[in-house]
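Next comes entry_24.cif, a file with mmCIF, C-alpha atoms.
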```
data_model
loop_
_atom_site.label_atom_id
_atom_site.label_comp_id
_atom_site.auth_asym_id
_atom_site.auth_seq_id
_atom_site.Cartn_x
_atom_site.Cartn_y
_atom_site.Cartn_z
CA MET X 1 -56.79 15.19 -77.13
CA SER X 2 -54.21 12.56 -77.77
CA LEU X 3 -50.65 12.52 -76.45
CA ALA X 4 -49.28 13.42 -79.88
CA ALA X 5 -51.63 16.37 -80.31
CA ILE X 6 -50.79 17.86 -76.91
CA THR X 7 -47.10 17.28 -77.48
CA ARG X 8 -47.35 19.05 -80.83
CA ALA X 9 -49.29 21.96 -79.35
CA THR X 10 -46.83 22.45 -76.46
CA LEU X 11 -43.84 22.11 -78.76
CA ALA X 12 -45.31 24.63 -81.22
CA LYS X 13 -45.94 27.05 -78.36
CA ASP X 14 -42.34 26.74 -77.13
CA LEU X 15 -40.89 27.12 -80.60
CA ARG X 16 -43.05 30.17 -81.24
CA LEU X 17 -41.99 31.76 -77.95
CA GLU X 18 -38.36 31.02 -78.72
CA TRP X 19 -38.72 32.41 -82.24
CA HIS X 20 -39.96 35.71 -80.82
CA SER X 21 -37.55 36.05 -77.90
CA ARG X 22 -34.54 33.95 -79.08
CA ASP X 23 -33.44 33.86 -75.42
CA ALA X 24 -32.20 30.30 -75.29
CA ILE X 25 -30.53 30.16 -78.68
CA ASN X 26 -28.74 33.49 -78.33
CA SER X 27 -27.34 32.78 -74.89
CA MET X 28 -26.30 29.27 -75.98
CA LEU X 29 -24.60 30.50 -79.13
CA PHE X 30 -22.65 33.22 -77.38
CA PHE X 31 -21.70 30.87 -74.58
CA ALA X 32 -20.45 28.19 -76.99
CA LEU X 33 -18.51 30.83 -78.91
CA LEU X 34 -16.82 31.94 -75.70
CA VAL X 35 -15.90 28.35 -74.87
CA VAL X 36 -14.35 27.88 -78.33
CA VAL X 37 -12.28 31.05 -77.97
CA VAL X 38 -11.19 30.31 -74.41
CA PHE X 39 -10.16 26.77 -75.39
CA SER X 40 -8.05 28.07 -78.25
CA PHE X 41 -5.82 29.82 -75.69
CA SER X 42 -5.29 26.70 -73.61
CA PHE X 43 -3.51 24.80 -76.40
CA ASP X 44 -2.24 25.34 -79.93
CA PRO X 45 -5.26 24.99 -82.23
CA ASN X 46 -3.05 24.64 -85.31
CA ALA X 47 -1.15 21.62 -84.09
CA GLU X 48 -1.79 18.29 -85.73
CA GLU X 49 -2.65 16.89 -82.26
CA SER X 50 -5.65 19.19 -82.07
CA ARG X 51 -7.48 16.60 -84.18
CA GLN X 52 -7.06 14.16 -81.30
CA ILE X 53 -8.74 16.41 -78.76
CA ALA X 54 -11.19 18.22 -81.03
CA GLY X 55 -13.91 15.62 -80.35
CA GLY X 56 -13.72 16.28 -76.64
CA LEU X 57 -13.59 20.02 -77.16
CA VAL X 58 -16.63 20.19 -79.41
CA TRP X 59 -18.76 18.14 -77.04
CA VAL X 60 -17.66 19.98 -73.91
CA ALA X 61 -18.65 23.25 -75.58
CA PHE X 62 -22.04 21.81 -76.63
CA LEU X 63 -22.59 20.28 -73.21
CA PHE X 64 -22.00 23.56 -71.39
CA ALA X 65 -24.12 25.44 -73.89
CA ALA X 66 -26.93 22.87 -73.66
CA VAL X 67 -27.06 23.39 -69.88
CA VAL X 68 -27.80 27.07 -70.54
CA ALA X 69 -30.86 26.13 -72.60
CA LEU X 70 -31.93 23.30 -70.31
CA ASN X 71 -31.95 25.62 -67.31
CA GLN X 72 -34.51 27.80 -69.06
CA THR X 73 -36.79 24.87 -69.92
CA TRP X 74 -39.09 25.09 -66.94
CA ALA X 75 -38.36 28.62 -65.74
CA ARG X 76 -40.87 29.96 -68.25
CA GLU X 77 -43.58 27.63 -66.95
CA LEU X 78 -43.06 28.70 -63.34
CA ARG X 79 -44.05 32.25 -64.13
CA ASN X 80 -47.84 32.70 -63.91
CA GLN X 81 -48.15 29.17 -62.47
CA VAL X 82 -48.35 27.52 -65.89
CA LEU X 83 -46.83 24.35 -64.47
CA ASP X 84 -49.51 24.18 -61.76
CA ALA X 85 -52.18 24.59 -64.43
CA PHE X 86 -50.64 21.71 -66.33
CA ARG X 87 -50.62 19.56 -63.20
CA VAL X 88 -54.36 19.91 -62.65
CA SER X 89 -55.20 19.50 -66.32
CA PRO X 90 -56.05 15.99 -67.56
CA ALA X 91 -53.28 16.18 -70.20
CA PRO X 92 -50.78 13.31 -69.90
CA ALA X 93 -47.57 14.41 -68.16
CA ASN X 94 -45.43 12.66 -70.75
CA SER X 95 -46.75 14.88 -73.52
CA LEU X 96 -45.31 17.88 -71.66
CA PHE X 97 -42.03 16.06 -71.14
CA LEU X 98 -41.74 14.99 -74.77
CA ALA X 99 -42.56 18.49 -76.00
CA LYS X 100 -39.91 20.03 -73.74
CA ALA X 101 -37.30 17.42 -74.62
CA LEU X 102 -37.99 17.79 -78.35
CA GLY X 103 -37.86 21.57 -78.05
CA ASN X 104 -34.48 21.41 -76.33
CA PHE X 105 -33.34 18.87 -78.90
CA ILE X 106 -34.18 21.29 -81.70
CA PHE X 107 -32.44 24.21 -79.95
CA VAL X 108 -29.26 22.24 -79.34
CA CYS X 109 -29.28 20.85 -82.90
CA VAL X 110 -29.57 24.40 -84.27
CA LEU X 111 -26.68 25.41 -82.05
CA GLU X 112 -24.59 22.50 -83.32
CA ALA X 113 -25.38 23.26 -86.93
CA LEU X 114 -24.29 26.88 -86.45
CA MET X 115 -21.21 26.15 -84.34
CA THR X 116 -19.74 23.22 -86.27
CA PRO X 117 -18.54 25.35 -89.24
CA LEU X 118 -16.87 27.67 -86.75
CA PHE X 119 -15.07 24.77 -85.12
CA VAL X 120 -13.97 23.49 -88.51
CA VAL X 121 -12.56 26.91 -89.41
CA PHE X 122 -10.95 27.71 -86.07
CA TYR X 123 -9.34 24.31 -85.52
CA LYS X 124 -8.74 23.42 -89.21
CA LEU X 125 -10.65 20.17 -88.81
CA ARG X 126 -11.09 17.62 -91.54
CA ALA X 127 -12.52 14.17 -90.96
CA LEU X 128 -10.15 11.42 -92.02
CA GLY X 129 -12.84 8.80 -91.37
CA PRO X 130 -16.39 8.57 -92.78
CA ALA X 131 -17.72 12.08 -92.07
CA TRP X 132 -21.41 11.16 -92.51
CA GLN X 133 -21.20 9.15 -89.31
CA LEU X 134 -20.90 12.44 -87.43
CA ILE X 135 -24.61 12.98 -88.07
CA PRO X 136 -25.84 9.92 -86.12
CA VAL X 137 -23.29 10.73 -83.41
CA ALA X 138 -24.67 14.27 -83.15
CA VAL X 139 -28.31 13.16 -83.17
CA LEU X 140 -27.90 10.36 -80.62
CA GLY X 141 -25.51 12.38 -78.48
CA THR X 142 -27.75 15.43 -78.39
CA TRP X 143 -30.78 13.36 -77.46
CA ALA X 144 -28.74 11.69 -74.70
CA LEU X 145 -27.90 15.08 -73.18
CA VAL X 146 -31.31 16.60 -73.71
CA VAL X 147 -33.56 13.80 -72.49
CA ASN X 148 -31.87 13.52 -69.10
CA GLY X 149 -31.25 17.25 -68.99
CA THR X 150 -34.95 18.02 -69.39
CA PHE X 151 -35.79 15.50 -66.70
CA PHE X 152 -33.19 16.77 -64.23
CA ALA X 153 -34.17 20.37 -64.96
CA ALA X 154 -37.66 19.46 -63.75
CA MET X 155 -36.02 18.17 -60.56
CA SER X 156 -33.67 21.10 -60.09
CA ILE X 157 -36.46 23.69 -60.15
CA ARG X 158 -37.44 22.25 -56.75
CA THR X 159 -34.07 23.10 -55.22
CA ARG X 160 -32.25 26.13 -53.91
CA SER X 161 -29.73 27.58 -56.39
CA ARG X 162 -31.43 25.65 -59.18
CA GLU X 163 -29.16 26.94 -61.95
CA ILE X 164 -26.14 25.20 -60.47
CA MET X 165 -28.04 22.08 -59.42
CA LEU X 166 -28.77 20.95 -62.99
CA PRO X 167 -25.15 20.31 -64.06
CA LEU X 168 -24.43 18.71 -60.69
CA LEU X 169 -27.16 16.15 -61.37
CA LEU X 170 -26.71 15.84 -65.12
CA PHE X 171 -22.93 15.48 -65.54
CA PRO X 172 -22.29 12.39 -63.39
CA ILE X 173 -25.15 10.46 -65.01
CA SER X 174 -24.09 11.61 -68.49
CA ILE X 175 -20.52 10.35 -68.22
CA PRO X 176 -21.04 7.22 -70.37
CA ALA X 177 -22.82 9.28 -73.02
CA ILE X 178 -20.11 11.95 -73.03
CA LEU X 179 -17.43 9.27 -73.26
CA ALA X 180 -19.25 7.69 -76.21
CA MET X 181 -19.81 10.99 -78.07
CA VAL X 182 -16.24 12.14 -77.61
CA ASN X 183 -14.69 8.82 -78.59
CA ALA X 184 -16.98 8.38 -81.59
CA THR X 185 -16.15 11.90 -82.83
CA THR X 186 -12.43 11.39 -82.28
CA ALA X 187 -12.58 8.02 -84.05
CA ILE X 188 -14.24 9.63 -87.07
CA LEU X 189 -11.95 12.66 -87.14
CA THR X 190 -8.77 10.66 -86.90
CA GLY X 191 -10.08 7.81 -89.05
CA GLU X 192 -8.03 5.33 -87.04
CA LEU X 193 -10.78 3.41 -85.29
CA SER X 194 -14.37 2.44 -85.94
CA ALA X 195 -17.08 4.45 -84.21
CA TRP X 196 -19.65 1.65 -84.25
CA PHE X 197 -19.14 0.46 -80.70
CA TRP X 198 -19.70 3.98 -79.40
CA LEU X 199 -22.74 4.52 -81.61
CA VAL X 200 -24.33 1.34 -80.27
CA LEU X 201 -23.52 2.44 -76.72
CA LEU X 202 -25.08 5.86 -77.34
CA ALA X 203 -28.21 4.28 -78.80
CA THR X 204 -28.50 1.97 -75.77
CA TYR X 205 -28.05 4.92 -73.42
CA ASP X 206 -30.76 6.84 -75.29
CA VAL X 207 -33.25 3.97 -75.17
CA VAL X 208 -32.63 3.16 -71.49
CA PHE X 209 -32.93 6.72 -70.27
CA THR X 210 -35.80 7.75 -72.53
CA ILE X 211 -37.84 4.88 -71.08
CA ALA X 212 -36.75 5.78 -67.53
CA CYS X 213 -37.70 9.43 -68.04
CA LEU X 214 -41.11 8.57 -69.48
CA LEU X 215 -41.83 6.17 -66.62
CA LEU X 216 -40.78 8.56 -63.85
CA PHE X 217 -41.68 11.99 -65.20
CA GLU X 218 -45.27 11.99 -64.03
CA THR X 219 -44.14 11.21 -60.47
CA VAL X 220 -41.56 14.00 -60.54
CA LEU X 221 -43.95 16.52 -62.11
CA HIS X 222 -46.49 15.99 -59.35
CA ALA X 223 -43.91 16.09 -56.55
CA GLU X 224 -44.43 19.56 -55.18
CA MET Y 225 -33.97 -3.89 -27.79
CA LYS Y 226 -32.52 -0.88 -25.95
CA ARG Y 227 -29.55 -2.95 -24.82
CA ALA Y 228 -28.96 -4.41 -28.26
CA PHE Y 229 -27.25 -1.31 -29.65
CA PRO Y 230 -24.45 -1.00 -27.04
CA ILE Y 231 -23.89 -4.76 -27.10
CA PHE Y 232 -23.59 -4.70 -30.88
CA ALA Y 233 -21.26 -1.69 -30.65
CA VAL Y 234 -18.93 -3.49 -28.26
CA LEU Y 235 -18.95 -6.65 -30.38
CA THR Y 236 -18.14 -4.60 -33.48
CA ALA Y 237 -15.26 -2.86 -31.71
CA LEU Y 238 -13.85 -6.21 -30.61
CA LEU Y 239 -14.22 -7.69 -34.08
CA LEU Y 240 -12.59 -4.66 -35.71
CA SER Y 241 -9.62 -4.80 -33.33
CA TYR Y 242 -9.17 -8.53 -33.91
CA ALA Y 243 -9.39 -8.00 -37.69
CA LEU Y 244 -6.87 -5.15 -37.44
CA TYR Y 245 -4.44 -7.39 -35.55
CA GLU Y 246 -4.90 -10.19 -38.07
CA ALA Y 247 -4.36 -7.83 -41.02
CA LEU Y 248 -1.34 -5.96 -39.66
CA VAL Y 249 0.46 -8.67 -37.66
CA ALA Y 250 -0.81 -12.17 -38.30
CA ALA Y 251 -1.24 -12.03 -42.07
CA PRO Y 252 1.72 -13.29 -44.11
CA THR Y 253 3.74 -10.58 -45.85
CA GLU Y 254 3.18 -10.53 -49.59
CA LYS Y 255 6.20 -11.69 -51.60
CA THR Y 256 6.64 -8.88 -54.13
CA MET Y 257 4.75 -5.94 -52.67
CA GLY Y 258 5.75 -6.32 -49.02
CA ASP Y 259 3.88 -4.67 -46.19
CA VAL Y 260 2.14 -2.14 -48.42
CA GLN Y 261 -0.09 -4.99 -49.59
CA ARG Y 262 -1.76 -4.98 -46.15
CA ILE Y 263 -3.86 -1.99 -47.17
CA PHE Y 264 -5.72 -4.53 -49.29
CA TYR Y 265 -7.50 -5.74 -46.12
CA TYR Y 266 -9.08 -2.30 -45.85
CA HIS Y 267 -9.42 -1.33 -49.48
CA VAL Y 268 -11.32 -4.39 -50.69
CA PRO Y 269 -13.75 -4.79 -47.74
CA SER Y 270 -14.53 -1.05 -47.95
CA ALA Y 271 -15.29 -1.40 -51.66
CA TRP Y 272 -17.58 -4.41 -51.14
CA THR Y 273 -19.32 -2.65 -48.27
CA ALA Y 274 -19.82 0.54 -50.30
CA PHE Y 275 -21.25 -1.38 -53.27
CA LEU Y 276 -23.56 -3.33 -50.99
CA LEU Y 277 -24.80 -0.11 -49.37
CA PHE Y 278 -25.45 1.46 -52.78
CA LEU Y 279 -27.37 -1.66 -53.79
CA ILE Y 280 -29.50 -1.36 -50.63
CA ASN Y 281 -30.02 2.32 -51.45
CA PHE Y 282 -31.33 1.38 -54.91
CA VAL Y 283 -33.69 -1.27 -53.51
CA ALA Y 284 -34.95 1.13 -50.82
CA SER Y 285 -35.51 3.82 -53.47
CA VAL Y 286 -37.56 1.46 -55.62
CA VAL Y 287 -39.57 0.40 -52.57
CA TYR Y 288 -40.16 4.08 -51.79
CA LEU Y 289 -41.34 4.78 -55.35
CA ILE Y 290 -43.83 1.91 -55.12
CA ARG Y 291 -45.01 2.09 -51.52
CA ARG Y 292 -44.08 5.63 -50.37
CA SER Y 293 -42.96 4.20 -47.04
CA HIS Y 294 -40.98 6.57 -44.79
CA SER Y 295 -38.76 3.81 -43.44
CA ALA Y 296 -37.61 2.97 -46.97
CA ASP Y 297 -36.68 6.60 -47.50
CA ILE Y 298 -34.71 6.75 -44.27
CA VAL Y 299 -32.88 3.56 -45.26
CA ALA Y 300 -32.07 5.17 -48.61
CA VAL Y 301 -30.62 8.33 -47.01
CA VAL Y 302 -28.61 6.39 -44.48
CA THR Y 303 -27.12 3.88 -46.90
CA ALA Y 304 -26.23 6.62 -49.40
CA GLU Y 305 -24.41 8.65 -46.74
CA VAL Y 306 -22.53 5.71 -45.24
CA GLY Y 307 -21.87 4.31 -48.73
CA VAL Y 308 -20.24 7.57 -49.80
CA VAL Y 309 -17.99 7.42 -46.71
CA PHE Y 310 -16.86 3.86 -47.52
CA CYS Y 311 -16.46 4.72 -51.18
CA THR Y 312 -14.24 7.65 -50.15
CA VAL Y 313 -12.12 5.23 -48.10
CA VAL Y 314 -11.75 3.08 -51.24
CA LEU Y 315 -10.72 6.07 -53.36
CA VAL Y 316 -8.17 7.22 -50.76
CA THR Y 317 -6.61 3.85 -49.92
CA GLY Y 318 -6.36 2.89 -53.61
CA PRO Y 319 -3.85 5.62 -54.59
CA LEU Y 320 -1.92 5.10 -51.33
CA TRP Y 321 -1.31 1.54 -52.45
CA ALA Y 322 -0.87 2.36 -56.12
CA ARG Y 323 1.95 4.89 -55.63
CA PRO Y 324 4.56 2.37 -54.35
CA VAL Y 325 3.28 -0.59 -56.39
CA TRP Y 326 2.38 0.91 -59.78
CA GLY Y 327 4.53 4.03 -59.38
CA ILE Y 328 1.52 6.27 -60.03
CA TRP Y 329 -1.21 7.61 -57.78
CA TRP Y 330 -4.03 7.21 -60.22
CA THR Y 331 -4.80 5.61 -63.56
CA TRP Y 332 -7.97 5.88 -65.62
CA ASP Y 333 -8.61 2.18 -65.51
CA VAL Y 334 -12.10 0.70 -65.60
CA ARG Y 335 -12.55 -0.17 -61.95
CA LEU Y 336 -10.99 3.02 -60.62
CA THR Y 337 -12.93 5.21 -63.00
CA SER Y 338 -16.27 3.51 -62.48
CA THR Y 339 -15.83 3.69 -58.71
CA LEU Y 340 -15.09 7.39 -59.05
CA VAL Y 341 -18.17 7.89 -61.22
CA LEU Y 342 -20.28 5.94 -58.73
CA TRP Y 343 -18.97 8.22 -55.98
CA LEU Y 344 -19.83 11.29 -58.08
CA ILE Y 345 -23.37 10.01 -58.69
CA TYR Y 346 -23.98 9.43 -55.00
CA VAL Y 347 -22.47 12.77 -54.00
CA SER Y 348 -24.87 14.45 -56.43
CA TYR Y 349 -27.66 12.37 -54.86
CA LEU Y 350 -26.77 13.71 -51.40
CA MET Y 351 -26.52 17.25 -52.77
CA LEU Y 352 -29.99 16.97 -54.29
CA ARG Y 353 -31.35 15.92 -50.92
CA ARG Y 354 -29.57 18.77 -49.17
CA PHE Y 355 -30.52 21.52 -51.64
CA SER Y 356 -34.08 20.43 -52.29
CA THR Y 357 -36.77 22.84 -51.15
CA SER Y 358 -39.59 20.52 -52.17
CA SER Y 359 -41.66 18.67 -49.61
CA GLN Y 360 -41.26 15.67 -51.90
CA THR Y 361 -37.49 15.40 -51.63
CA PRO Y 362 -37.61 11.61 -51.04
CA LEU Y 363 -39.44 11.17 -54.33
CA LEU Y 364 -36.95 13.23 -56.33
CA ALA Y 365 -34.04 11.47 -54.63
CA ALA Y 366 -35.55 8.04 -55.31
CA ALA Y 367 -35.93 8.92 -59.00
CA LEU Y 368 -32.29 10.01 -59.13
CA ALA Y 369 -31.20 6.77 -57.42
CA VAL Y 370 -32.97 4.77 -60.13
CA PHE Y 371 -31.18 6.80 -62.82
CA GLY Y 372 -27.88 6.21 -61.05
CA ALA Y 373 -28.46 2.47 -60.89
CA LEU Y 374 -29.33 2.35 -64.60
CA ASP Y 375 -26.15 4.28 -65.30
CA VAL Y 376 -23.79 1.91 -63.49
CA PRO Y 377 -23.63 -0.86 -66.14
CA LEU Y 378 -23.33 1.75 -68.91
CA VAL Y 379 -20.49 3.45 -67.06
CA TYR Y 380 -18.73 0.15 -66.58
CA PHE Y 381 -19.03 -0.98 -70.20
CA SER Y 382 -18.10 2.40 -71.61
CA ILE Y 383 -14.89 2.55 -69.58
CA TRP Y 384 -14.22 -1.15 -70.06
CA ILE Y 385 -12.91 -0.37 -73.56
CA PHE Y 386 -9.84 1.21 -72.00
CA ARG Y 387 -7.07 -1.16 -71.03
CA THR Y 388 -7.45 -2.32 -67.48
CA GLN Y 389 -4.51 -1.98 -65.13
CA HIS Y 390 -6.23 -2.91 -61.89
CA PRO Y 391 -5.28 -6.31 -60.43
CA GLN Y 392 -7.79 -8.99 -61.41
CA PRO Y 393 -10.50 -9.57 -58.82
CA VAL Y 394 -9.18 -12.00 -56.22
CA ILE Y 395 -12.53 -13.71 -55.81
CA GLY Y 396 -14.08 -15.24 -58.90
CA GLY Y 397 -11.34 -13.82 -61.13
CA GLY Y 398 -8.23 -15.42 -62.55
CA GLY Y 399 -6.02 -14.37 -59.63
CA SER Y 400 -4.93 -16.75 -56.89
CA ILE Y 401 -4.65 -15.86 -53.24
CA ASP Y 402 -3.10 -17.46 -50.19
CA PRO Y 403 -5.97 -19.12 -48.22
CA ARG Y 404 -4.74 -17.41 -45.04
CA MET Y 405 -4.95 -14.01 -46.75
CA LEU Y 406 -8.41 -14.78 -48.06
CA HIS Y 407 -9.49 -15.78 -44.57
CA ILE Y 408 -8.25 -12.46 -43.12
CA LEU Y 409 -9.81 -10.53 -45.98
CA LEU Y 410 -13.20 -12.09 -45.30
CA LEU Y 411 -12.77 -11.52 -41.57
CA ASN Y 412 -12.08 -7.85 -42.26
CA TRP Y 413 -15.11 -7.68 -44.51
CA VAL Y 414 -17.35 -9.06 -41.78
CA ALA Y 415 -15.87 -6.52 -39.34
CA PHE Y 416 -16.45 -3.68 -41.82
CA LEU Y 417 -20.00 -4.84 -42.50
CA CYS Y 418 -20.72 -4.83 -38.76
CA PHE Y 419 -19.17 -1.38 -38.51
CA ALA Y 420 -21.28 -0.11 -41.45
CA ALA Y 421 -24.40 -1.68 -39.94
CA LEU Y 422 -23.61 0.00 -36.64
CA ILE Y 423 -23.28 3.46 -38.19
CA CYS Y 424 -26.38 2.91 -40.32
CA TRP Y 425 -28.32 1.81 -37.27
CA SER Y 426 -27.36 4.86 -35.25
CA ARG Y 427 -27.92 7.17 -38.23
CA TYR Y 428 -31.32 5.58 -38.83
CA ARG Y 429 -32.39 6.31 -35.26
CA LEU Y 430 -31.11 9.86 -35.52
CA GLU Y 431 -32.95 10.51 -38.79
CA ARG Y 432 -36.15 9.01 -37.38
CA LEU Y 433 -35.92 11.26 -34.30
CA ARG Y 434 -35.14 14.30 -36.43
CA ARG Y 435 -38.28 13.74 -38.49
CA GLU Y 436 -40.40 13.18 -35.39
CA VAL Y 437 -39.14 16.46 -33.94
CA GLU Y 438 -39.90 18.25 -37.20
CA GLU Y 439 -43.42 16.85 -37.28
CA THR Y 440 -44.06 17.75 -33.66
CA GLN Y 441 -42.80 21.28 -34.23
CA ALA Y 442 -45.04 21.65 -37.27
CA LEU Y 443 -48.04 20.42 -35.26
CA GLU Y 444 -47.24 22.71 -32.35
CA SER Y 445 -47.02 25.75 -34.55
CA LEU Y 446 -50.45 24.84 -35.93
CA LEU Y 447 -51.99 24.43 -32.48
CA GLU Y 448 -50.52 27.59 -30.98
CA PRO Y 449 -52.96 30.49 -30.91
CA ARG Y 450 -51.68 32.85 -33.55
CA SER Y 451 -51.17 36.44 -32.48
CA LEU Y 452 -52.97 38.52 -35.05
CA ARG Y 453 -51.20 41.78 -35.58
#
```

Could you write out this structure as C-alpha cells?
Amino acid sequence: MSLAAITRATLAKDLRLEWHSRDAINSMLFFALLVVVVFSFSFDPNAEESRQIAGGLVWVAFLFAAVVALNQTWARELRNQVLDAFRVSPAPANSLFLAKALGNFIFVCVLEALMTPLFVVFYKLRALGPAWQLIPVAVLGTWALVVNGTFFAAMSIRTRSREIMLPLLLFPISIPAILAMVNATTAILTGELSAWFWLVLLATYDVVFTIACLLLFETVLHAE
Amino acid sequence: MKRAFPIFAVLTALLLSYALYEALVAAPTEKTMGDVQRIFYYHVPSAWTAFLLFLINFVASVVYLIRRSHSADIVAVVTAEVGVVFCTVVLVTGPLWARPVWGIWWTWDVRLTSTLVLWLIYVSYLMLRRFSTSSQTPLLAAALAVFGALDVPLVYFSIWIFRTQHPQPVIGGGGSIDPRMLHILLLNWVAFLCFAALICWSRYRLERLRREVEETQALESLLEPRSLR
C-alpha cells in the first residue's frame, strides 16, 4: 500500500472513532468555552480596547484547547499495543504521523469554526481589516500548532506525567508561531497594519517544522 | 591526564581572579553609566558562553542522531545543563544593569526576549530528559534539540519586528568601545570559557561514571541467582 492509502485509512479510522465517541471534540469545546468565560472576567469585554487583545485571547483559548486534543492523539494507540503493532508493520511511519496530524488539524479546525461565532458575540468583534485573511491565518496557525503538537505528543507518551509534558515541550518551540498568529489576527481586527509579514512567517514556520517532523518521526516512533 | 584536571582548575581560578580584578578595579569607569557598567564584563561573556554551549549541544545532538555515539549524548547533556546556568546568569545580570540605566527591569526587546525563549527551550529540553521513562531518552532529547535550533532564527525574526531597546552589539555592530574595555571584556570571556570548560569537564566525568555504575548494576542484577519464590 502506498503512503497516501495508509494515511487515508488511518485518518478514516481516527475520524470514525471520534465520530462515535466525540471525546476529543467535546472536551476541547467545553475547555475553550471555559477559557472564554474566565477571560471575560479578567477584563471588560465591551471596551473598545478588547479589539486590541482579542487576537491574543482567541489563540490562547485555541492553543489550550488544542493541547487537550493533542494529548489524546496517541493514548488511544497505547491501549491494546496498537502502536507496537504499527512499529513492526512495514507501513511507513510518516503515514501514521500525517494521519494523526491531519486528524488533529480537522478537530482543531472544527473547534475554531464552532468557537469563532461565540467569540464574535461575546466580545462584539468586527474586523476593520480584510476579514478573509483570517482564514489563511487560521489554517496556517492551526497547522503550526498541530504538526509540532502531534510530534511532541509522540515524545511525551514516553515520559512520566505525560499530560503535562506536552505543553512544556510545545509552548517554547511554538512561540514564533503564536506571536505570528496573534499579531496577524490583531492586525486584521484593528485594520491598522498589514498581516502579510506574519502570514509569510507562519508559512515558513509550517514548512520548516513539517519537514523536520517528517524527517525525525520515524526515529522517535521507534525509540522505545 | 589525571593531573591535568587540577592544574586546569588552578589556572582557571587564577585567570578568573585576574579578570575580576581587571573588570572591577583596572577597567576605566564608563562616562555616563558609571560603575554599574562593570556588570557588562560578566553579562556579555556569559551570553557568548551560553550561546556557544547551546551551539555545541546542537552539534552533539546531530552527531548523536547520525552515529548514536554515547559520548556525543553526554556532551549534549553537559552543554545543555551548563548552558542553562550561564543563560540564567545573563537573564539575572541584565535586569540588574537595566534598572539603573534604563529605569526598568525588563523590556520585551528582541535580544532579551529571544534569550528568554532560548532559555525556555533548553529548560524544556532538560525537563524532557529528566521526566523521560524511555530507554531512548538521548534520541528524544536530540530530536528536541534539533527542533530548538530550527526555532532560534524564527524566534529572532519574529521578535525583531518589535522596536529594539538593547544597546547595539559592541563587536561587529555600530557601537564603539574603548580598546581597554574591549581587552578586559575579551579577557573575561576567556576566563568564563575556561570556567565553563572546567565545569563541563567535571560534569562529563561524573555523567560517564554514573552511566558505568548503572550498567554494572544492571549486569550484576542479571548475573545474580534469582530467588524463586

Evaluate the PyMOL selection byres ((chain X) within 8 of (chain Y)) against this structure - the residues, as a list of chain:residue names, please.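 So the PyMOL selection byres ((chain X) within 8 of (chain Y)), applied here, picks out X:Met155, X:Ser156, X:Arg158, X:Thr159, X:Arg160, X:Ser161, X:Met165, X:Leu168, X:Leu169, X:Pro172, X:Ile173, X:Ile175, X:Pro176, X:Leu179, X:Ala180, X:Leu201, X:Tyr205, X:Val208, X:Phe209, X:Ala212, X:Leu216, X:Thr219, X:Val220, X:Ala223, X:Glu224.
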
Selection export as a compact mmCIF listing (two decimals), in the frame of the given file, atoms kept: C-alpha atoms:
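As written to disk, out.txt reads:
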```txt
# COMPACT_ATOMS: atom_id res chain seq x y z
CA MET X 155 -36.02 18.17 -60.56
CA SER X 156 -33.67 21.10 -60.09
CA ARG X 158 -37.44 22.25 -56.75
CA THR X 159 -34.07 23.10 -55.22
CA ARG X 160 -32.25 26.13 -53.91
CA SER X 161 -29.73 27.58 -56.39
CA MET X 165 -28.04 22.08 -59.42
CA LEU X 168 -24.43 18.71 -60.69
CA LEU X 169 -27.16 16.15 -61.37
CA PRO X 172 -22.29 12.39 -63.39
CA ILE X 173 -25.15 10.46 -65.01
CA ILE X 175 -20.52 10.35 -68.22
CA PRO X 176 -21.04 7.22 -70.37
CA LEU X 179 -17.43 9.27 -73.26
CA ALA X 180 -19.25 7.69 -76.21
CA LEU X 201 -23.52 2.44 -76.72
CA TYR X 205 -28.05 4.92 -73.42
CA VAL X 208 -32.63 3.16 -71.49
CA PHE X 209 -32.93 6.72 -70.27
CA ALA X 212 -36.75 5.78 -67.53
CA LEU X 216 -40.78 8.56 -63.85
CA THR X 219 -44.14 11.21 -60.47
CA VAL X 220 -41.56 14.00 -60.54
CA ALA X 223 -43.91 16.09 -56.55
CA GLU X 224 -44.43 19.56 -55.18
```

Cut-off 8 Å around (-32.6, 19.3, -65.5) with all atoms listed in the file: residues as a CSV table (one decimal) with C-alpha atoms, keeping the file's coordinate frame:
```csv
chain,number,residue,atom,x,y,z
X,70,LEU,CA,-31.9,23.3,-70.3
X,71,ASN,CA,-32.0,25.6,-67.3
X,148,ASN,CA,-31.9,13.5,-69.1
X,149,GLY,CA,-31.2,17.2,-69.0
X,150,THR,CA,-35.0,18.0,-69.4
X,151,PHE,CA,-35.8,15.5,-66.7
X,152,PHE,CA,-33.2,16.8,-64.2
X,153,ALA,CA,-34.2,20.4,-65.0
X,154,ALA,CA,-37.7,19.5,-63.8
X,155,MET,CA,-36.0,18.2,-60.6
X,156,SER,CA,-33.7,21.1,-60.1
X,157,ILE,CA,-36.5,23.7,-60.2
X,166,LEU,CA,-28.8,21.0,-63.0
X,167,PRO,CA,-25.2,20.3,-64.1
X,169,LEU,CA,-27.2,16.2,-61.4
X,170,LEU,CA,-26.7,15.8,-65.1
```

Taking all listed atoms of stretch 315-334 of chain Y, build the axis-aligned box, pad each of the six sides by 6 Å, then write its centre and edge lengths in Å to one decimal as JSON.
```
{"center_x": -3.8, "center_y": 3.5, "center_z": -57.8, "size_x": 28.7, "size_y": 20.2, "size_z": 27.7}
```

Resolved residues for the PyMOL selection byres ((chain X and resi 72) around 12) as a PyMOL selection string: chain X and resi 14+18+22-25+27-28+65-71+73-79+100+103-104+107+149-150+153-154+156-157+162-163+166

Output check: residues returned by the PyMOL selection byres ((chain Y and resi 407) around 12), as a PyMOL selection string: chain Y and resi 243+246-247+250-252+265+395+401-406+408-414

Could you tell me how far atom CA of X:Met181 lies from atom CA of Y:Gly318, in Å and to one decimal? 29.1 Å

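The gap separating atom CA of Y:Leu277 from atom CA of Y:Leu430 is 18.2 Å, in Å to one decimal.
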
Taking all atoms listed in the file into account, which of X:Asn26, X:Leu118, X:Ser89, X:Tyr123 comes nearest X:Asp44?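 Checking each of X:Asn26, X:Leu118, X:Ser89, X:Tyr123 against X:Asp44, counting all atoms listed in the file, the winner is X:Tyr123.
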
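Contact shell of X:Ala61 at 12 Å (only C-alpha atoms; same-chain neighbours under 4 positions omitted): Met28, Leu29, Phe30, Phe31, Ala32, Leu33, Leu34, Val35, Val36, Val37, Val38, Phe39, Ser40, Ala54, Gly55, Gly56, Leu57, Ala65, Ala66, Val67, Val68, Val108, Leu111, Glu112, Met115, Thr116, Phe119, Ile178 and Val182 of chain X.
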